[in-house]
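*Asks:* So I've got this file, final_19.tsv, and it contains TSV, C-alpha atoms:
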```tsv
chain	number	residue	atom	x	y	z
A	560	MET	CA	40.02	189.75	33.67
A	561	GLY	CA	42.88	188.38	35.75
A	562	LYS	CA	43.35	188.22	39.51
A	563	ILE	CA	46.04	189.53	41.83
A	564	PHE	CA	46.74	186.91	44.49
A	565	TYR	CA	48.27	188.87	47.36
A	566	ILE	CA	50.37	186.96	49.91
A	567	MET	CA	50.87	188.78	53.19
A	568	GLY	CA	51.93	188.02	56.74
A	569	LYS	CA	54.33	189.03	59.45
A	570	SER	CA	58.08	188.90	58.84
A	571	ALA	CA	59.52	185.36	58.66
A	572	SER	CA	56.08	183.84	58.01
A	573	GLY	CA	57.36	182.23	54.80
A	574	LYS	CA	55.82	184.59	52.22
A	575	ASP	CA	58.84	184.64	49.91
A	576	ARG	CA	59.35	180.87	49.98
A	577	LEU	CA	55.65	180.27	49.34
A	578	GLN	CA	55.65	182.82	46.52
A	579	THR	CA	58.62	181.08	44.88
A	580	ALA	CA	57.01	177.65	45.18
A	581	LEU	CA	53.67	178.86	43.83
A	582	LYS	CA	55.41	180.50	40.90
A	583	GLU	CA	57.04	177.14	40.12
A	584	ILE	CA	53.66	175.39	40.27
A	585	PHE	CA	51.78	177.87	38.07
A	586	GLY	CA	54.59	179.09	35.84
A	587	GLU	CA	53.40	181.51	33.17
A	588	ARG	CA	49.83	181.39	34.45
A	589	LEU	CA	50.90	183.76	37.26
A	590	ARG	CA	53.06	186.79	36.70
A	591	THR	CA	54.92	188.57	39.46
A	592	ALA	CA	55.70	192.21	40.04
A	593	VAL	CA	58.92	193.51	41.50
A	594	LEU	CA	58.32	196.01	44.28
A	595	TYR	CA	60.59	198.95	45.10
A	596	THR	CA	62.63	199.71	48.22
A	597	THR	CA	65.19	202.22	49.43
A	598	ARG	CA	66.75	199.75	51.88
A	599	PRO	CA	70.16	198.22	51.14
A	600	ILE	CA	70.27	194.98	49.20
A	601	ARG	CA	70.86	191.80	51.26
A	602	SER	CA	73.53	189.29	50.31
A	603	ALA	CA	71.06	186.72	48.91
A	604	GLU	CA	69.02	189.26	46.92
A	605	THR	CA	69.20	190.29	43.27
A	606	GLU	CA	68.30	193.70	41.85
A	607	GLY	CA	65.18	193.49	39.72
A	608	VAL	CA	64.27	190.08	41.16
A	609	SER	CA	63.93	190.57	44.92
A	610	TYR	CA	63.17	194.29	44.64
A	611	HIS	CA	64.10	197.33	42.64
A	612	PHE	CA	66.62	198.93	44.99
A	613	ILE	CA	66.34	202.68	44.54
A	614	SER	CA	67.48	205.86	46.25
A	615	ALA	CA	65.15	208.05	48.30
A	616	GLN	CA	65.52	210.68	45.57
A	617	ARG	CA	64.34	208.21	42.91
A	618	PHE	CA	61.34	207.31	45.09
A	619	GLU	CA	60.41	211.00	45.32
A	620	GLU	CA	60.62	211.26	41.52
A	621	LEU	CA	58.25	208.29	41.12
A	622	LYS	CA	55.88	209.81	43.67
A	623	ALA	CA	55.93	213.18	41.90
A	624	ALA	CA	55.14	211.41	38.61
A	625	GLY	CA	52.00	209.92	40.24
A	626	THR	CA	53.04	206.30	39.69
A	627	VAL	CA	53.24	205.16	43.34
A	628	ILE	CA	50.28	202.89	44.14
A	629	GLU	CA	51.26	202.54	47.78
A	630	SER	CA	54.28	203.13	49.97
A	631	ARG	CA	55.36	202.42	53.51
A	632	LEU	CA	58.02	204.23	55.51
A	633	TYR	CA	59.81	202.30	58.24
A	634	HIS	CA	61.99	204.07	60.78
A	635	THR	CA	64.62	201.38	61.19
A	636	VAL	CA	67.71	201.30	63.37
A	637	HIS	CA	69.64	201.98	60.14
A	638	GLY	CA	67.55	204.98	59.12
A	639	PRO	CA	64.34	205.40	57.11
A	640	TRP	CA	63.51	202.66	54.58
A	641	ILE	CA	60.71	202.97	52.06
A	642	TYR	CA	58.90	200.07	50.36
A	643	ALA	CA	56.53	200.79	47.47
A	644	THR	CA	54.39	199.34	44.73
A	645	VAL	CA	54.75	201.38	41.57
A	646	ASP	CA	52.45	201.49	38.55
A	647	ASP	CA	55.30	201.03	36.08
A	648	GLY	CA	53.41	198.77	33.66
A	649	GLN	CA	54.27	195.51	35.40
A	650	ILE	CA	50.76	194.90	36.80
A	651	ARG	CA	48.02	194.65	34.16
A	652	PRO	CA	45.16	192.52	35.55
A	653	GLN	CA	43.14	193.14	32.41
A	654	GLU	CA	45.69	190.92	30.63
A	655	ALA	CA	46.94	188.37	33.20
A	656	SER	CA	46.89	187.11	36.78
A	657	TYR	CA	49.59	187.93	39.32
A	658	LEU	CA	51.15	186.68	42.52
A	659	ILE	CA	52.49	189.45	44.78
A	660	ALA	CA	53.82	189.36	48.36
A	661	GLY	CA	53.59	192.29	50.74
A	662	THR	CA	52.18	193.65	53.99
A	663	LEU	CA	48.65	194.15	55.20
A	664	GLU	CA	48.99	197.86	54.47
A	665	SER	CA	50.27	197.29	50.94
A	666	TYR	CA	47.50	194.74	50.33
A	667	THR	CA	44.74	197.20	51.26
A	668	ALA	CA	46.22	199.95	49.08
A	669	THR	CA	46.61	197.55	46.15
A	670	ARG	CA	43.04	196.28	46.65
A	671	ASP	CA	41.74	199.85	46.73
A	672	TYR	CA	43.73	200.72	43.58
A	673	PHE	CA	42.76	197.69	41.47
A	674	GLY	CA	39.41	196.77	43.10
A	675	ALA	CA	38.32	194.17	45.65
A	676	GLU	CA	36.97	191.93	42.89
A	677	THR	CA	40.49	191.68	41.43
A	678	VAL	CA	42.72	191.31	44.51
A	679	VAL	CA	42.55	188.02	46.46
A	680	PRO	CA	44.06	188.08	49.99
A	681	LEU	CA	46.25	185.16	51.09
A	682	TYR	CA	47.08	185.86	54.75
A	683	ILE	CA	49.86	183.63	56.14
A	684	GLU	CA	50.15	182.96	59.87
A	685	VAL	CA	52.93	181.39	61.94
A	686	GLU	CA	53.21	181.20	65.72
A	687	ASP	CA	55.43	184.03	67.03
A	688	GLY	CA	58.09	181.81	68.61
A	689	ARG	CA	58.55	179.90	65.37
A	690	ARG	CA	58.70	183.16	63.37
A	691	LEU	CA	61.35	184.58	65.69
A	692	GLN	CA	63.43	181.44	65.32
A	693	ARG	CA	63.15	181.60	61.52
A	694	ALA	CA	64.05	185.31	61.50
A	695	LEU	CA	67.14	184.67	63.63
A	696	LEU	CA	68.34	181.87	61.35
A	697	ARG	CA	67.84	184.07	58.29
A	698	GLU	CA	69.67	187.00	59.86
A	699	ARG	CA	72.59	184.81	60.96
A	700	SER	CA	73.08	183.78	57.32
A	701	GLN	CA	73.70	187.41	56.27
A	702	GLU	CA	77.25	188.63	55.76
A	703	HIS	CA	76.52	191.51	58.15
A	704	PRO	CA	73.61	190.48	60.40
A	705	LYS	CA	71.33	193.30	61.55
A	706	TYR	CA	69.88	191.82	64.73
A	707	ALA	CA	68.54	195.12	66.10
A	708	GLU	CA	66.56	195.68	62.90
A	709	MET	CA	65.29	192.09	63.01
A	710	CYS	CA	63.96	192.73	66.54
A	711	ARG	CA	62.41	196.06	65.52
A	712	ARG	CA	60.58	194.36	62.63
A	713	PHE	CA	59.38	191.56	64.86
A	714	LEU	CA	57.94	193.97	67.44
A	715	SER	CA	56.50	196.28	64.78
A	716	ASP	CA	54.56	193.36	63.28
A	717	SER	CA	52.40	193.18	66.41
A	718	GLU	CA	51.01	196.61	65.60
A	719	ASP	CA	51.10	196.38	61.80
A	720	PHE	CA	49.19	193.06	61.84
A	721	SER	CA	46.94	193.67	64.85
A	722	GLU	CA	43.65	191.80	64.97
A	723	GLU	CA	41.85	195.14	64.53
A	724	LYS	CA	43.77	195.92	61.33
A	725	ILE	CA	43.27	192.41	59.97
A	726	ALA	CA	39.52	192.73	60.57
A	727	ALA	CA	39.42	196.24	59.06
A	728	ALA	CA	41.14	194.91	55.92
A	729	GLY	CA	38.36	192.33	55.56
A	730	ILE	CA	40.68	189.35	55.94
A	731	GLY	CA	38.59	186.31	56.78
A	732	LYS	CA	40.57	183.25	55.80
A	733	ARG	CA	44.05	182.63	57.26
A	734	TYR	CA	46.57	180.06	56.09
A	735	GLU	CA	48.73	178.43	58.77
A	736	ASN	CA	52.33	177.89	57.62
A	737	ASN	CA	53.37	175.38	60.27
A	738	ASP	CA	53.80	172.69	57.62
A	739	PHE	CA	55.12	174.22	54.41
A	740	ASP	CA	53.78	171.52	52.06
A	741	GLU	CA	50.28	171.64	53.54
A	742	CYS	CA	50.16	175.43	53.39
A	743	LEU	CA	51.46	175.40	49.82
A	744	ALA	CA	48.82	172.86	48.75
A	745	GLU	CA	46.05	174.93	50.33
A	746	LEU	CA	47.21	178.12	48.64
A	747	ALA	CA	47.64	176.36	45.30
A	748	ALA	CA	44.04	175.07	45.50
A	749	VAL	CA	42.72	178.60	46.12
A	750	ILE	CA	44.74	180.03	43.23
A	751	ARG	CA	43.76	177.19	40.88
A	752	LYS	CA	40.09	177.89	41.62
A	753	GLY	CA	40.60	181.64	41.12
A	754	LEU	CA	42.23	181.11	37.75
A	755	GLN	CA	39.24	179.17	36.37
```
Show me the file's structure as structure tokens.
*Replies:*
Amino acid sequence: MGKIFYIMGKSASGKDRLQTALKEIFGERLRTAVLYTTRPIRSAETEGVSYHFISAQRFEELKAAGTVIESRLYHTVHGPWIYATVDDGQIRPQEASYLIAGTLESYTATRDYFGAETVVPLYIEVEDGRRLQRALLRERSQEHPKYAEMCRRFLSDSEDFSEEKIAAAGIGKRYENNDFDECLAELAAVIRKGLQ
């Protein structure tokens, strides 16, 4: 039986960069799953790699078919955006191990769906000032920066990743991403042990 290593943390905590680096380290030993979203694609993203970018209507069709493992609705300054994990055959822990990035909410739903013995939490933390600086740099690099949405996400993270919710999700260990290489090495050690 494989494991699902689930990276989560507030926005601009480095989840995507860590996921990419870990995938390079472990190669075929860790599969990934592409999540779904109704939000517009960003300039540096690729359909089917970053996310499956779908319409709200398509999301409703997936939900009606009973294939949505979990979903989150965000009321953004640009309208409602949905993010979802879909049971579309990508995730088969009985056959392989996976590396997935998401939110605390998506982690708990995925853990409940596949079982706590299968899903390993990797909670990434970064000091808020540093995260805000990273988020601003990332947004500035977009062709059409959405600063209001960046601020909404930043403030929303305080509630979405409250200490009460972290405790309720059973998250014990936290990984500080102040030094990327150190954090990567720590995560790689945990995954290496889990794959044995």
*Asks:* Any chance you could work out the axis-aligned box around stretch 563-572 of chain A, listed atoms only, 4 Å on each side, giving centre and edge lengths in Å to one decimal, as AutoDock Vina command-line options?
*Replies:*
```
--center_x 52.8 --center_y 186.7 --center_z 50.6 --size_x 21.5 --size_y 13.7 --size_z 25.6
```
*Asks:* Would you mind reading off the distance between atom CA of A:Phe720 and atom CA of A:Ile683, one decimal, in Å?
*Replies:*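 Atom-to-atom, atom CA of A:Phe720 and atom CA of A:Ile683 are spaced 11.0 Å apart.
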*Asks:* Considering only C-alpha atoms, state which residue in the set A:Lys752, A:Lys705, A:Arg690, A:Arg699 is at the smallest distance from A:Gly573.
*Replies:*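 Looking only at the distances to A:Gly573, the closest residue turns out to be A:Arg690.
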*Asks:* Please tabulate, as JSON lines, the residues of stretch 680-712 of chain A that come within 12 Å of stretch 623-638 of chain A, each with its closest pair of atoms and the distance in Å to one decimal, counting only C-alpha atoms and ordering rows by chain, then residue number upward.
*Replies:*
```
{"residue": "A:Lys705", "atom": "CA", "partner": "A:His637", "partner_atom": "CA", "distance": 9.0}
{"residue": "A:Tyr706", "atom": "CA", "partner": "A:Val636", "partner_atom": "CA", "distance": 9.8}
{"residue": "A:Ala707", "atom": "CA", "partner": "A:Val636", "partner_atom": "CA", "distance": 6.8}
{"residue": "A:Glu708", "atom": "CA", "partner": "A:Val636", "partner_atom": "CA", "distance": 5.8}
{"residue": "A:Met709", "atom": "CA", "partner": "A:Thr635", "partner_atom": "CA", "distance": 9.5}
{"residue": "A:Cys710", "atom": "CA", "partner": "A:Val636", "partner_atom": "CA", "distance": 9.9}
{"residue": "A:Arg711", "atom": "CA", "partner": "A:Thr635", "partner_atom": "CA", "distance": 7.2}
{"residue": "A:Arg712", "atom": "CA", "partner": "A:Thr635", "partner_atom": "CA", "distance": 8.2}
```
*Asks:* With only C-alpha atoms as the basis for distance, which of A:Ile566, A:Ala580, A:Ala603, A:Leu589 is at the shortest distance from A:Glu684?
*Replies:*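 Comparing A:Ile566, A:Ala580, A:Ala603, A:Leu589 against A:Glu684, the winner is A:Ile566.
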*Asks:* Using all atoms listed in the file, can you tell me which of A:Leu681, A:Cys742, A:Ala694, A:Val645 comes closest to A:Ala660?
*Replies:*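 Looking at the shortest contact to A:Ala660, the residue is A:Leu681.
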*Asks:* Using Å and a single decimal, report how far atom CA of A:Val679 sits from atom CA of A:Gly753.
*Replies:*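 These atoms are spaced 8.5 Å apart.
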*Asks:* Here's a test: counting all atoms listed in the file, identify every protein, DNA and RNA residue with an atom at most 12 Å from (39.3, 193.1, 51.8) in the file's coordinate frame, and state them as a PyMOL selection string.
*Replies:* chain A and resi 565+663-671+673-682+724-732
*Asks:* Could you write out that same residue set with C-alpha atoms as a PDB file, in the coordinates of the input?
*Replies:*
```
ATOM      1  CA  TYR A 565      48.270 188.870  47.360  1.00  0.00           C
ATOM      2  CA  LEU A 663      48.650 194.150  55.200  1.00  0.00           C
ATOM      3  CA  GLU A 664      48.990 197.860  54.470  1.00  0.00           C
ATOM      4  CA  SER A 665      50.270 197.290  50.940  1.00  0.00           C
ATOM      5  CA  TYR A 666      47.500 194.740  50.330  1.00  0.00           C
ATOM      6  CA  THR A 667      44.740 197.200  51.260  1.00  0.00           C
ATOM      7  CA  ALA A 668      46.220 199.950  49.080  1.00  0.00           C
ATOM      8  CA  THR A 669      46.610 197.550  46.150  1.00  0.00           C
ATOM      9  CA  ARG A 670      43.040 196.280  46.650  1.00  0.00           C
ATOM     10  CA  ASP A 671      41.740 199.850  46.730  1.00  0.00           C
ATOM     11  CA  PHE A 673      42.760 197.690  41.470  1.00  0.00           C
ATOM     12  CA  GLY A 674      39.410 196.770  43.100  1.00  0.00           C
ATOM     13  CA  ALA A 675      38.320 194.170  45.650  1.00  0.00           C
ATOM     14  CA  GLU A 676      36.970 191.930  42.890  1.00  0.00           C
ATOM     15  CA  THR A 677      40.490 191.680  41.430  1.00  0.00           C
ATOM     16  CA  VAL A 678      42.720 191.310  44.510  1.00  0.00           C
ATOM     17  CA  VAL A 679      42.550 188.020  46.460  1.00  0.00           C
ATOM     18  CA  PRO A 680      44.060 188.080  49.990  1.00  0.00           C
ATOM     19  CA  LEU A 681      46.250 185.160  51.090  1.00  0.00           C
ATOM     20  CA  TYR A 682      47.080 185.860  54.750  1.00  0.00           C
ATOM     21  CA  LYS A 724      43.770 195.920  61.330  1.00  0.00           C
ATOM     22  CA  ILE A 725      43.270 192.410  59.970  1.00  0.00           C
ATOM     23  CA  ALA A 726      39.520 192.730  60.570  1.00  0.00           C
ATOM     24  CA  ALA A 727      39.420 196.240  59.060  1.00  0.00           C
ATOM     25  CA  ALA A 728      41.140 194.910  55.920  1.00  0.00           C
ATOM     26  CA  GLY A 729      38.360 192.330  55.560  1.00  0.00           C
ATOM     27  CA  ILE A 730      40.680 189.350  55.940  1.00  0.00           C
ATOM     28  CA  GLY A 731      38.590 186.310  56.780  1.00  0.00           C
ATOM     29  CA  LYS A 732      40.570 183.250  55.800  1.00  0.00           C
TER      30      LYS A 732
END
```
*Asks:* Taking all atoms listed in the file into account, name the residue in A:Leu577, A:Ala571, A:Leu594, A:Leu691 that is nearest to A:Ile641.
*Replies:*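 Of A:Leu577, A:Ala571, A:Leu594, A:Leu691, the one nearest A:Ile641, counting all atoms listed in the file, is A:Leu594.
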*Asks:* For A:Arg588, which residue out of A:Pro639, A:Gly561, A:Pro704, A:Gly661 is the nearest one, using only C-alpha atoms?
*Replies:*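 The answer is A:Gly561, which sits nearest to A:Arg588.
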*Asks:* Could you list, as JSON, numbers by chain, every residue within 10 Å of A:Lys582, counting all atoms listed in the file and ignoring same-chain residues fewer than 4 positions away?
*Replies:* {"A": [576, 577, 578, 586, 587, 588, 589, 590, 591, 657, 658, 747]}
*Asks:* Would you list the residues near (42.4, 191.2, 29.8) (no more than 6 Å away, in the coordinates of the file, using only C-alpha atoms) as a list in words?
*Replies:*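 I get Met560, Gln653 and Glu654 of chain A for the residues within 6 Å of that point.
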*Asks:* Neighbouring residues of A:Ala744 were defined as those with any atom within 12 Å, considering only C-alpha atoms; residues of the same chain fewer than 6 positions away were excluded. Please report them as a list of chain:residue names.
*Replies:*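 Surrounding residues, per the criterion: A:Leu577, A:Ala580, A:Leu581, A:Ile584, A:Tyr734, A:Glu735, A:Asn736, A:Asp738, A:Ile750, A:Arg751.
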*Asks:* Output C-alpha atoms for every residue in that selection, as a PDB file, in the coordinates of the input.
*Replies:*
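Full text of selection_33.pdb as output:
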```pdb
ATOM      1  CA  LEU A 577      55.650 180.270  49.340  1.00  0.00           C
ATOM      2  CA  ALA A 580      57.010 177.650  45.180  1.00  0.00           C
ATOM      3  CA  LEU A 581      53.670 178.860  43.830  1.00  0.00           C
ATOM      4  CA  ILE A 584      53.660 175.390  40.270  1.00  0.00           C
ATOM      5  CA  TYR A 734      46.570 180.060  56.090  1.00  0.00           C
ATOM      6  CA  GLU A 735      48.730 178.430  58.770  1.00  0.00           C
ATOM      7  CA  ASN A 736      52.330 177.890  57.620  1.00  0.00           C
ATOM      8  CA  ASP A 738      53.800 172.690  57.620  1.00  0.00           C
ATOM      9  CA  ILE A 750      44.740 180.030  43.230  1.00  0.00           C
ATOM     10  CA  ARG A 751      43.760 177.190  40.880  1.00  0.00           C
TER      11      ARG A 751
END
```
*Asks:* Could you jot down the atom CA of A:Asp646 to atom CA of A:Phe564 separation for me, Å, one decimal place?
*Replies:*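 Result for atom CA of A:Asp646 versus atom CA of A:Phe564: 16.7 Å, one decimal.
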*Asks:* Which residue, A:Ser656, A:Ser570, A:Ser700, A:Thr579, has the smallest gap to A:Leu743 when you use all atoms listed in the file?
*Replies:*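 That would be A:Thr579, the residue with the smallest distance to A:Leu743.
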